[in-house]
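Q: Contents of target-v4.txt (compact mmCIF, C-alpha atoms and all ligand atoms) are given next:
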```
# COMPACT_ATOMS: atom_id res chain seq x y z
CA MET A 1 9.84 -10.31 20.98
CA LYS A 2 6.39 -9.97 22.39
CA SER A 3 5.74 -7.17 24.79
CA GLY A 4 5.09 -7.88 28.42
CA ASN A 5 1.54 -6.62 28.12
CA SER A 6 0.33 -8.65 25.19
CA PRO A 7 -2.48 -11.00 26.14
CA ASP A 8 -0.93 -14.16 24.69
CA LEU A 9 2.18 -14.45 26.85
CA GLY A 10 0.84 -16.77 29.48
CA MET A 11 -0.87 -16.19 32.78
CA ILE A 12 1.22 -13.39 34.20
CA SER A 13 1.01 -11.16 31.17
CA PHE A 14 -2.64 -11.88 30.58
CA SER A 15 -3.50 -10.96 34.17
CA ALA A 16 -1.47 -7.80 33.91
CA TYR A 17 -3.22 -7.03 30.66
CA LEU A 18 -6.68 -7.53 32.16
CA SER A 19 -5.77 -5.45 35.13
CA LYS A 20 -4.16 -2.58 33.28
CA GLU A 21 -5.97 -2.41 29.99
CA MET A 22 -9.45 -3.64 30.82
CA GLY A 23 -9.95 -2.54 34.38
CA PHE A 24 -10.68 -6.04 35.77
CA ASP A 25 -8.75 -5.03 38.77
CA SER A 26 -9.73 -7.28 41.60
CA VAL A 27 -9.79 -10.62 39.76
CA ALA A 28 -6.76 -9.84 37.69
CA ASN A 29 -4.76 -8.57 40.62
CA LEU A 30 -5.57 -11.63 42.61
CA LEU A 31 -4.39 -13.82 39.76
CA LEU A 32 -1.36 -11.66 39.23
CA ASN A 33 -0.33 -11.49 42.84
CA SER A 34 -0.74 -15.18 43.42
CA LYS A 35 1.34 -16.02 40.35
CA VAL A 36 3.91 -13.29 40.34
CA ASN A 37 6.03 -14.63 43.13
CA LEU A 38 6.03 -18.12 41.72
CA MET A 39 7.28 -17.28 38.26
CA ALA A 40 10.43 -15.88 36.73
CA SER A 41 9.91 -12.59 34.90
CA GLN A 42 10.77 -11.80 31.28
CA GLU A 43 13.40 -9.33 32.55
CA GLN A 44 15.08 -12.01 34.67
CA VAL A 45 15.22 -14.38 31.71
CA ILE A 46 16.60 -11.69 29.39
CA GLU A 47 19.21 -10.63 31.96
CA THR A 48 20.28 -14.28 32.22
CA LEU A 49 20.49 -14.64 28.44
CA ARG A 50 22.70 -11.57 28.31
CA LYS A 51 25.31 -13.65 30.11
CA VAL A 52 25.34 -16.28 27.36
CA ASN A 53 27.96 -15.44 24.77
CA TYR A 54 27.83 -16.51 21.14
CA PRO A 55 30.35 -19.38 20.81
CA GLY A 56 33.77 -17.96 20.04
CA TYR A 57 32.68 -14.35 20.64
CA THR A 58 32.79 -12.08 23.66
CA ARG A 59 29.39 -10.68 22.71
CA ASP A 60 26.15 -12.11 24.08
CA ILE A 61 23.28 -13.67 22.17
CA VAL A 62 20.79 -10.93 23.14
CA SER A 63 22.89 -8.14 21.66
CA PHE A 64 23.42 -10.28 18.54
CA GLY A 65 19.63 -10.31 18.13
CA LEU A 66 19.28 -14.09 18.35
CA VAL A 67 16.48 -14.13 20.92
CA ARG A 68 13.14 -14.03 19.14
CA ASP A 69 10.65 -14.90 21.87
CA ILE A 70 10.34 -15.84 25.51
CA THR A 71 7.21 -17.46 26.92
CA ILE A 72 6.78 -18.07 30.64
CA ARG A 73 4.08 -20.40 31.96
CA ASP A 74 4.24 -21.08 35.66
CA GLU A 75 7.63 -22.73 36.20
CA GLU A 76 8.21 -23.43 32.54
CA VAL A 77 10.20 -21.13 30.27
CA GLU A 78 10.34 -21.41 26.51
CA VAL A 79 13.02 -19.54 24.59
CA LEU A 80 12.91 -19.19 20.83
CA LEU A 81 16.22 -18.43 19.16
CA GLU A 82 17.14 -17.81 15.55
CA VAL A 83 20.71 -18.64 14.67
CA SER A 84 22.44 -17.96 11.40
CA SER A 85 25.59 -20.07 11.13
CA GLN A 86 27.24 -22.53 8.79
CA GLN A 87 29.02 -24.19 11.69
CA THR A 88 26.83 -27.13 12.50
CA ASP A 89 27.82 -27.30 16.17
CA VAL A 90 26.94 -23.67 16.96
CA PRO A 91 23.12 -24.04 17.37
CA GLY A 92 23.65 -27.03 19.67
CA LYS A 93 26.22 -25.19 21.80
CA ILE A 94 23.92 -22.20 22.16
CA LYS A 95 20.98 -24.43 23.06
CA VAL A 96 22.92 -26.14 25.85
CA ALA A 97 24.28 -22.85 27.20
CA VAL A 98 20.80 -21.30 27.24
CA GLU A 99 19.26 -24.34 28.94
CA GLU A 100 21.94 -24.25 31.63
CA ALA A 101 21.64 -20.52 32.20
CA VAL A 102 17.86 -20.33 32.37
CA SER A 103 17.43 -23.45 34.51
CA SER A 104 19.76 -21.89 37.09
CA LEU A 105 17.05 -19.31 37.80
CA ASP A 106 14.93 -19.70 40.90
CA LYS A 107 11.33 -20.51 40.09
CA VAL A 108 12.22 -22.27 36.84
CA LYS A 109 11.68 -26.02 36.72
CA GLN A 110 11.59 -26.64 33.00
CA VAL A 111 13.32 -24.97 30.07
CA ASN A 112 12.49 -25.53 26.42
CA VAL A 113 14.88 -24.01 23.95
CA ILE A 114 13.86 -23.97 20.32
CA VAL A 115 16.63 -23.03 17.90
CA SER A 116 15.61 -22.17 14.40
CA VAL A 117 18.61 -22.28 12.10
CA LYS A 118 18.58 -19.80 9.26
CA SER A 119 20.77 -20.72 6.33
CA SER A 120 23.41 -18.06 5.81
CA GLU A 121 25.19 -17.18 2.59
CA THR A 122 27.81 -15.11 4.35
CA PRO A 123 30.93 -17.05 5.18
CA GLY A 124 32.87 -15.83 8.19
CA ALA A 125 36.31 -14.32 8.16
CA ASN A 126 38.10 -17.68 8.09
CA GLY A 127 35.87 -18.98 5.31
CA THR A 128 34.61 -21.90 7.37
CA SER A 129 31.99 -20.45 9.60
CA ALA A 130 29.27 -17.89 9.18
CA ALA A 131 29.48 -15.10 11.69
CA PRO A 132 26.27 -14.34 13.48
CA GLU A 133 24.48 -11.20 12.59
CA PRO A 134 25.65 -8.51 13.16
CA THR A 135 28.81 -8.89 11.14
CA PRO A 136 31.65 -6.38 11.49
CA LEU A 137 32.34 -4.24 8.43
CA ASP A 138 35.81 -4.66 7.01
CA GLY A 139 37.90 -1.58 7.72
CA VAL A 140 35.19 0.20 9.73
CA GLU A 141 36.26 0.73 13.30
CA HIS A 142 33.20 2.21 15.04
CA ILE A 143 29.56 2.41 14.01
CA ILE A 144 27.17 4.84 15.67
CA ALA A 145 23.44 4.96 15.01
CA VAL A 146 21.71 8.34 15.08
CA ALA A 147 18.03 7.98 15.86
CA SER A 148 14.97 9.97 16.77
CA GLY A 149 11.49 9.00 17.82
CA LYS A 150 9.86 11.06 15.07
CA GLY A 151 10.72 12.88 11.86
CA GLY A 152 11.53 16.55 11.45
CA VAL A 153 13.65 17.00 14.57
CA GLY A 154 16.76 17.63 12.47
CA LYS A 155 18.30 14.17 12.72
CA SER A 156 19.78 14.25 9.20
CA THR A 157 21.03 17.80 9.71
CA PHE A 158 22.66 16.52 12.87
CA VAL A 159 24.23 13.49 11.18
CA CYS A 160 25.80 15.66 8.46
CA ASN A 161 27.19 18.30 10.82
CA LEU A 162 28.36 15.71 13.32
CA ALA A 163 30.13 13.69 10.62
CA CYS A 164 31.87 16.84 9.34
CA ALA A 165 32.77 17.88 12.91
CA THR A 166 34.24 14.41 13.52
CA GLU A 167 36.15 14.64 10.24
CA GLN A 168 37.63 17.97 11.42
CA LEU A 169 38.67 16.42 14.75
CA LEU A 170 40.34 13.43 13.10
CA ARG A 171 42.17 15.73 10.70
CA GLU A 172 43.40 17.80 13.68
CA GLU A 173 44.63 14.53 15.19
CA GLY A 174 46.60 13.85 12.01
CA ARG A 175 44.40 10.90 10.93
CA GLY A 176 43.87 12.57 7.55
CA SER A 177 40.67 12.95 5.60
CA GLU A 178 37.98 10.45 4.57
CA LYS A 179 38.07 8.53 7.85
CA VAL A 180 34.42 9.29 8.58
CA GLY A 181 31.39 7.75 6.88
CA ILE A 182 27.66 8.32 6.72
CA MET A 183 25.28 5.47 5.99
CA ASP A 184 21.93 7.09 5.23
CA CYS A 185 19.24 4.51 5.85
CA ASP A 186 16.37 6.96 6.15
CA ILE A 187 14.23 5.41 3.41
CA PHE A 188 11.35 7.78 3.92
CA GLY A 189 13.40 10.92 3.49
CA PRO A 190 17.00 10.22 2.49
CA SER A 191 18.17 13.83 2.72
CA VAL A 192 21.89 13.28 3.35
CA PRO A 193 22.97 13.55 -0.34
CA LEU A 194 21.24 16.93 -0.59
CA MET A 195 22.57 18.19 2.73
CA MET A 196 26.12 17.05 1.94
CA GLY A 197 26.03 18.26 -1.66
CA ALA A 198 26.68 14.72 -2.88
CA HIS A 199 24.94 14.54 -6.22
CA ALA A 200 27.03 12.05 -8.20
CA ARG A 201 25.92 8.48 -8.75
CA PRO A 202 28.08 5.91 -6.97
CA GLU A 203 30.29 3.78 -9.20
CA VAL A 204 30.12 0.02 -9.09
CA GLU A 205 33.27 -2.02 -9.58
CA ASN A 206 33.54 -5.80 -9.16
CA GLN A 207 30.08 -5.77 -7.62
CA MET A 208 31.21 -3.33 -4.96
CA ILE A 209 29.68 0.14 -4.69
CA HIS A 210 32.05 3.06 -4.12
CA PRO A 211 30.71 5.61 -1.66
CA ILE A 212 30.53 9.24 -2.75
CA VAL A 213 32.98 11.51 -0.95
CA SER A 214 31.87 15.03 -0.03
CA HIS A 215 33.49 17.43 2.45
CA GLY A 216 35.96 14.64 3.26
CA VAL A 217 33.16 12.26 4.36
CA LYS A 218 32.28 8.96 2.65
CA ILE A 219 28.56 8.74 1.96
CA MET A 220 26.21 5.95 1.00
CA SER A 221 22.52 6.74 0.88
CA MET A 222 19.19 5.18 0.04
CA GLY A 223 18.76 8.41 -1.91
CA PHE A 224 21.35 7.17 -4.45
CA LEU A 225 19.37 3.98 -4.93
CA ILE A 226 15.68 4.77 -4.74
CA ASP A 227 13.83 6.88 -7.15
CA GLU A 228 12.02 9.80 -5.58
CA ASP A 229 8.89 8.45 -7.25
CA THR A 230 9.13 5.07 -5.50
CA PRO A 231 5.95 4.85 -3.45
CA VAL A 232 6.63 4.86 0.28
CA ILE A 233 4.77 1.56 0.65
CA TRP A 234 7.50 -0.24 -1.35
CA ARG A 235 10.31 1.29 0.62
CA GLY A 236 9.78 -0.59 3.88
CA PRO A 237 10.63 -4.04 2.47
CA MET A 238 13.59 -2.56 0.60
CA VAL A 239 15.30 -1.31 3.70
CA MET A 240 16.39 -4.71 5.02
CA LYS A 241 18.05 -5.60 1.75
CA ALA A 242 19.55 -2.14 1.38
CA ILE A 243 21.09 -2.13 4.84
CA GLN A 244 22.62 -5.51 4.17
CA GLN A 245 23.99 -4.21 0.87
CA PHE A 246 25.38 -1.10 2.54
CA ALA A 247 27.11 -3.41 4.98
CA GLN A 248 28.39 -6.01 2.55
CA ASN A 249 28.67 -4.45 -0.89
CA VAL A 250 30.06 -0.99 -0.24
CA GLU A 251 33.79 -0.41 -0.50
CA TRP A 252 34.06 1.67 2.67
CA GLY A 253 37.83 1.41 2.93
CA GLU A 254 39.37 2.57 6.18
CA VAL A 255 36.77 4.38 8.29
CA ASP A 256 37.25 5.28 11.97
CA PHE A 257 33.69 6.48 12.64
CA MET A 258 30.56 5.65 10.70
CA PHE A 259 27.33 7.48 11.48
CA VAL A 260 24.11 5.76 10.50
CA ASP A 261 21.08 7.95 9.80
CA LEU A 262 18.11 5.81 10.80
CA PRO A 263 14.53 6.35 9.77
CA PRO A 264 12.55 7.73 12.69
CA GLY A 265 10.66 5.33 14.92
CA THR A 266 11.11 1.75 15.98
CA GLY A 267 10.16 -0.24 12.91
CA ASP A 268 11.74 -2.90 10.73
CA ALA A 269 14.65 -0.73 9.65
CA GLN A 270 15.93 -0.20 13.16
CA ILE A 271 15.56 -3.85 14.07
CA SER A 272 17.22 -4.95 10.86
CA LEU A 273 20.04 -2.50 11.44
CA THR A 274 20.72 -3.60 14.99
CA GLN A 275 20.83 -7.17 13.73
CA THR A 276 23.08 -6.44 10.79
CA LEU A 277 25.67 -4.00 12.09
CA PRO A 278 27.77 -4.23 15.23
CA LEU A 279 26.82 -0.89 16.74
CA ASP A 280 29.09 0.83 19.25
CA GLY A 281 26.22 2.92 20.45
CA ALA A 282 23.35 5.19 19.57
CA LEU A 283 22.87 8.94 19.71
CA ILE A 284 19.32 10.15 20.25
CA VAL A 285 18.30 13.45 18.68
CA THR A 286 15.33 15.27 20.11
CA THR A 287 13.73 18.71 20.26
CA PRO A 288 13.16 20.62 23.51
CA GLN A 289 9.39 20.10 23.68
CA THR A 290 8.64 17.93 26.62
CA ALA A 291 5.98 16.32 24.41
CA ALA A 292 8.80 14.99 22.22
CA TYR A 293 10.04 13.12 25.26
CA THR A 294 7.74 10.11 24.92
CA VAL A 295 8.61 9.49 21.28
CA ALA A 296 12.33 9.98 21.79
CA ARG A 297 12.20 7.65 24.77
CA ARG A 298 10.42 5.02 22.67
CA GLY A 299 13.01 5.43 19.90
CA ALA A 300 15.76 4.77 22.41
CA GLY A 301 13.94 1.76 23.90
CA LEU A 302 14.80 -0.30 20.86
CA PHE A 303 18.55 0.04 21.48
CA GLU A 304 18.19 -0.78 25.14
CA LYS A 305 16.40 -4.00 24.21
CA VAL A 306 19.24 -5.19 22.01
CA ASP A 307 21.88 -4.03 24.47
CA VAL A 308 23.26 -1.17 22.39
CA ASP A 309 24.66 1.66 24.53
CA ILE A 310 22.98 5.02 24.40
CA LEU A 311 25.96 7.35 23.97
CA GLY A 312 23.93 10.42 24.76
CA VAL A 313 21.14 12.74 23.79
CA ALA A 314 21.48 15.79 21.58
CA GLU A 315 18.89 18.54 21.59
CA ASN A 316 18.23 20.36 18.34
CA MET A 317 16.33 23.62 17.79
CA SER A 318 16.88 24.39 21.48
CA PHE A 319 16.45 28.14 21.20
CA LEU A 320 16.55 31.07 18.83
CA ARG A 321 19.25 33.67 19.43
CA LEU A 322 17.61 37.11 19.21
CA PRO A 323 19.51 40.14 17.83
CA ASP A 324 20.01 41.44 21.39
CA GLY A 325 21.69 38.16 22.38
CA GLU A 326 18.72 36.88 24.41
CA LYS A 327 17.55 33.31 23.86
CA GLN A 328 13.99 32.67 22.82
CA TYR A 329 12.76 29.15 23.60
CA VAL A 330 10.52 28.69 20.59
CA PHE A 331 9.87 24.99 21.23
CA GLY A 332 9.89 25.12 25.00
CA GLN A 333 12.61 23.87 27.29
CA GLY A 334 13.86 20.78 29.02
CA GLY A 335 13.02 17.95 26.54
CA GLY A 336 16.64 16.90 25.96
CA GLU A 337 17.48 16.91 29.65
CA LYS A 338 14.38 14.88 30.43
CA VAL A 339 15.13 12.25 27.77
CA ALA A 340 18.77 12.04 28.92
CA ASP A 341 17.68 11.57 32.55
CA ALA A 342 15.18 8.89 31.62
CA LEU A 343 17.85 7.00 29.68
CA GLU A 344 20.39 7.51 32.46
CA SER A 345 22.50 9.16 29.83
CA GLU A 346 23.99 12.58 29.20
CA LEU A 347 22.70 15.61 27.33
CA LEU A 348 25.68 16.07 25.02
CA GLY A 349 24.80 19.48 23.66
CA GLN A 350 22.17 21.91 22.43
CA ILE A 351 22.04 23.30 18.91
CA PRO A 352 19.99 26.45 18.36
CA LEU A 353 17.37 27.02 15.72
CA ASP A 354 19.44 28.91 13.18
CA THR A 355 18.91 30.16 9.65
CA PHE A 356 22.48 29.30 8.63
CA VAL A 357 22.08 25.70 9.80
CA ARG A 358 18.98 25.34 7.63
CA GLU A 359 20.59 27.11 4.67
CA GLY A 360 23.70 24.95 4.99
CA GLY A 361 21.52 21.87 4.59
CA ASP A 362 19.73 23.30 1.59
CA ARG A 363 23.00 24.34 -0.09
CA GLY A 364 24.77 21.04 0.56
CA ILE A 365 27.45 22.67 2.70
CA PRO A 366 26.91 21.80 6.38
CA HIS A 367 27.25 24.78 8.69
CA VAL A 368 30.21 23.14 10.47
CA VAL A 369 32.06 23.27 7.12
CA SER A 370 31.06 26.78 6.03
CA ASN A 371 31.64 28.38 9.44
CA PRO A 372 34.02 26.09 11.33
CA GLU A 373 34.98 28.73 13.90
CA GLY A 374 31.40 29.74 14.74
CA GLU A 375 29.67 29.01 18.06
CA ILE A 376 27.43 26.31 16.55
CA ALA A 377 30.35 24.48 14.95
CA GLN A 378 32.07 24.44 18.36
CA VAL A 379 29.00 22.79 19.92
CA PHE A 380 28.92 20.16 17.17
CA ARG A 381 32.67 19.51 17.66
CA ASN A 382 32.18 19.20 21.43
CA ILE A 383 29.44 16.62 20.88
CA ALA A 384 31.66 14.82 18.34
CA ARG A 385 34.60 14.88 20.79
CA LYS A 386 32.51 13.34 23.58
CA ILE A 387 31.26 10.59 21.27
CA VAL A 388 34.73 9.84 19.90
CA GLU A 389 36.21 9.62 23.41
CA ASP A 390 33.34 7.54 24.74
CA VAL A 391 33.45 5.04 21.90
CA ARG A 392 37.25 4.73 21.92
CA ASN A 393 37.38 4.02 25.65
P1 LIG B 1 14.87 14.79 10.23
O1 LIG B 1 16.04 14.08 9.65
O2 LIG B 1 14.76 14.62 11.71
O3 LIG B 1 13.57 14.50 9.52
P2 LIG B 1 15.99 17.18 8.99
O4 LIG B 1 17.42 17.13 9.35
O5 LIG B 1 15.60 16.76 7.60
O6 LIG B 1 15.10 16.38 10.05
O7 LIG B 1 15.49 18.66 9.29
C1 LIG B 1 14.17 19.08 9.04
C2 LIG B 1 14.21 20.56 8.59
O8 LIG B 1 14.63 21.36 9.70
C3 LIG B 1 15.20 20.81 7.47
O9 LIG B 1 14.67 21.76 6.61
C4 LIG B 1 16.43 21.36 8.19
O10 LIG B 1 17.18 22.25 7.38
C5 LIG B 1 15.78 22.11 9.34
N1 LIG B 1 16.66 22.17 10.52
C6 LIG B 1 17.20 21.13 11.20
N2 LIG B 1 17.92 21.57 12.25
C7 LIG B 1 17.82 22.92 12.24
C8 LIG B 1 18.34 23.97 13.08
N3 LIG B 1 19.10 23.70 14.14
N4 LIG B 1 18.03 25.25 12.75
C9 LIG B 1 17.25 25.54 11.68
N5 LIG B 1 16.73 24.60 10.87
C10 LIG B 1 17.01 23.31 11.14
```
Could you show the structure in this file as structure tokens?
Ligand code: ADP
A:
Amino acid sequence: MKSGNSPDLGMISFSAYLSKEMGFDSVANLLLNSKVNLMASQEQVIETLRKVNYPGYTRDIVSFGLVRDITIRDEEVEVLLEVSSQQTDVPGKIKVAVEEAVSSLDKVKQVNVIVSVKSSETPGANGTSAAPEPTPLDGVEHIIAVASGKGGVGKSTFVCNLACATEQLLREEGRGSEKVGIMDCDIFGPSVPLMMGAHARPEVENQMIHPIVSHGVKIMSMGFLIDEDTPVIWRGPMVMKAIQQFAQNVEWGEVDFMFVDLPPGTGDAQISLTQTLPLDGALIVTTPQTAAYTVARRGAGLFEKVDVDILGVAENMSFLRLPDGEKQYVFGQGGGEKVADALESELLGQIPLDTFVREGGDRGIPHVVSNPEGEIAQVFRNIARKIVEDVRN
């Protein structure tokens, strides 16, 4: 979807663009002010589309990622949708529902809905219809994305410890082991196999890949599939296909909670993921620098756009515990709180900068596993508990 400030979105966006980006204040503001009250806004149209459900589903077409573009010119609104379905009546039903919904808006006189139908090879559960993307994963109850605005904040470390903490909680509950999964989609640095000590190569049986199990957690990683020597430039295009394969060709079995380690940023991988997997929510990992705020906020923006809940914010490397028990705020203070406030979400916990956490990652034994009774493990379990409760309710 085009951003509200791009110059090719019609009069309102162009005026705003002139005004904001180029300093043509007086002319642009005049244009903007005279038009703004006569036209529907992008936000109004999106909010309206959020009320249109995919036929036969309780989920709306925005969160399914069907809306590709919205153009507003005076009282005319054009909506571009991409639908993937083998049921021939579905595109027509969606078109009518969108026309009805958008034309009910004040200031809209004409609605053009263009539906591009993508052929789908994935038959739906009943074999007759193709489900829209995202498609639920057989046996996987809840899927949670773990994201950060930039690399190096400890997102993968977090995913591994959080997955192990969740595994411990589910075992305490009597759910048994291997009910937690990690899908490592960080193509640029797939570090989960190393951090979880999962070095075997996954077996393939009847065209289905078996995840590797380590510390009671099922793991599938780009690291199992791509050669370390694969140039980064080739990895981008691979991620779409890989995520689809992780979703469709991995024998996950029964999994209560799946954590997805996303590459940092807001690129193709994140968009592809939100369109492929039915996410229950996203956890944002950040560091305490207030400078990290902007990037973390941007990382989270993607999920807001596709209507995925932000479950909370976790702050990593929050402080260093000195031998006398004092806390030293090596990376400053307040970043996590600030991101959580901006997202109207909660700061779920703070993990200190700690040698054992780093060593745990390097040794392939997450700190939560090697020192389950320690203070840091308790914080990870508290974060895991909040996420589990939130997602289940
Ligand atoms: P990302 O996935 O965000 O790129 P990683 O999880 O790979 O980040 O972490 C980057 C480096 O920081 C790794 O060497 C990891 O061991 C280290 N690290 C992460 N969290 C902590 C922490 N709380 N204390 C000490 N080192 C950490």
Q: Within 8 Å of ligand LIG 1 (chain B), which residues of chain A show up? Give each one with its shortest atom-to-atom distance in Å (one decimal) and the two atoms involved, counting only C-alpha atoms and all ligand atoms, rows by chain then rising residue number, as CSV.
A:
```
residue,atom,partner,partner_atom,distance
A:Ser148,CA,B:LIG1,O2,6.9
A:Lys150,CA,B:LIG1,O2,6.9
A:Gly151,CA,B:LIG1,O3,4.0
A:Gly152,CA,B:LIG1,O3,3.5
A:Val153,CA,B:LIG1,O2,3.9
A:Gly154,CA,B:LIG1,O6,3.2
A:Lys155,CA,B:LIG1,O2,3.7
A:Ser156,CA,B:LIG1,O4,3.7
A:Thr157,CA,B:LIG1,O4,3.7
A:Phe158,CA,B:LIG1,O4,6.3
A:Val159,CA,B:LIG1,O4,7.9
A:Asp186,CA,B:LIG1,O1,7.9
A:Gly189,CA,B:LIG1,O3,7.0
A:Ser191,CA,B:LIG1,O5,6.2
A:Asp261,CA,B:LIG1,O1,7.9
A:Pro263,CA,B:LIG1,O1,7.9
A:Pro264,CA,B:LIG1,O2,7.3
A:Val285,CA,B:LIG1,O2,7.9
A:Asn316,CA,B:LIG1,N3,5.4
A:Met317,CA,B:LIG1,N3,4.6
A:Ser318,CA,B:LIG1,N3,7.7
A:Ile351,CA,B:LIG1,N3,5.6
A:Pro352,CA,B:LIG1,N3,5.1
A:Leu353,CA,B:LIG1,N4,3.5
A:Asp354,CA,B:LIG1,N4,3.9
A:Thr355,CA,B:LIG1,C9,5.3
A:Phe356,CA,B:LIG1,C9,7.1
A:Val357,CA,B:LIG1,N4,5.0
A:Arg358,CA,B:LIG1,O10,3.6
A:Glu359,CA,B:LIG1,O10,6.5
A:Gly360,CA,B:LIG1,O10,7.5
A:Gly361,CA,B:LIG1,O10,5.2
A:Asp362,CA,B:LIG1,O10,6.4
```
Q: Which polymer residues, protein or nucleic acid, are no farther than 10 Å from (24.0, 18.0, 30.5), counting all atoms listed in the file, as a list in words?
A: Gly312, Val313, Ala314, Gly336, Glu337, Ala340, Asp341, Ser345, Glu346, Leu347, Leu348, Gly349 and Gln350 of chain A
Q: Extract, using only C-alpha atoms, all DNA, RNA and protein residues at most 10 Å from Asp390 (chain A), discarding same-chain residues fewer than 2 positions from it, and format them as a PyMOL selection string.
A: chain A and resi 280-281+311-312+384-388+392-393
Q: Using all atoms listed in the file, find all polymer residues with an atom at most 10 Å away from the point (28.6, 7.9, 1.3); report them as a list in words.
A: Val180, Gly181, Ile182, Met183, Asp184, Val192, Pro193, Met196, Ala198, Pro202, Ile209, His210, Pro211, Ile212, Val213, Ser214, Val217, Lys218, Ile219, Met220, Ser221, Met222, Phe224, Phe246, Val250, Glu251, Trp252 and Met258 of chain A
Q: May I ask which of the residues A:Gln245, A:Leu225, A:Ala147, A:Cys185 is the closest one to Met208 (chain A), counting only C-alpha atoms?
A: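 Nearest to Met208 (chain A): A:Gln245.
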Q: Which distance in Å separates CA of Arg363 (chain A) and CA of Leu194 (chain A), to one decimal?
A: 7.6 Å
Q: Which one of A:Thr274, A:Gln378, A:Gln87, A:Asn371 sits closest to Val62 (chain A) if you count all atoms listed in the file?
A: A:Thr274
Q: Just the residues within 9 Å of Arg50 (chain A), please, counting only C-alpha atoms, with nothing from its chain fewer than 4 positions along; format it as a PDB file with C-alpha atoms, in the frame of the given file.
A:
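And here is the file that came out, result.pdb:
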```pdb
ATOM      1  CA  VAL A  45      15.220 -14.380  31.710  1.00  0.00           C
ATOM      2  CA  ILE A  46      16.600 -11.690  29.390  1.00  0.00           C
ATOM      3  CA  ARG A  59      29.390 -10.680  22.710  1.00  0.00           C
ATOM      4  CA  ASP A  60      26.150 -12.110  24.080  1.00  0.00           C
ATOM      5  CA  ILE A  61      23.280 -13.670  22.170  1.00  0.00           C
ATOM      6  CA  VAL A  62      20.790 -10.930  23.140  1.00  0.00           C
ATOM      7  CA  SER A  63      22.890  -8.140  21.660  1.00  0.00           C
ATOM      8  CA  ASP A 307      21.880  -4.030  24.470  1.00  0.00           C
TER       9      ASP A 307
END
```
Q: Between CA of Glu373 (chain A) and CA of Glu389 (chain A), what is the distance, to one decimal in Å?
A: 21.4 Å
Q: Hey, can you check how far CA of Glu75 (chain A) sits from CA of Val111 (chain A)?
A: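 About the pair CA of Glu75 (chain A) and CA of Val111 (chain A): they are 8.7 Å apart.
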Q: Would you mind telling me which residue in A:Leu169, A:Ile187, A:Ile143, A:Val339 lies nearest to Arg297 (chain A) when using all atoms listed in the file?
A: A:Val339
Q: Go through A:Gln270, A:Asn161, A:Thr287, A:Ser177 one by one, measure the shortest atom-to-atom distance of each to Gly299 (chain A) using only C-alpha atoms, and give the residue with the smallest value.
A: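 Answer, going by the shortest atom-to-atom distance: A:Gln270.
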Q: For Pro190 (chain A), which of A:Ala247, A:Leu262, A:Thr294, A:Ala242 is the closest residue, counting only C-alpha atoms?
A: A:Leu262
Q: Would you please work out which residue, of A:Lys305, A:Lys338, A:Arg321, A:Lys93, is nearest to Thr290 (chain A) when using only C-alpha atoms?
A: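 For Thr290 (chain A), the nearest of the given residues is A:Lys338.
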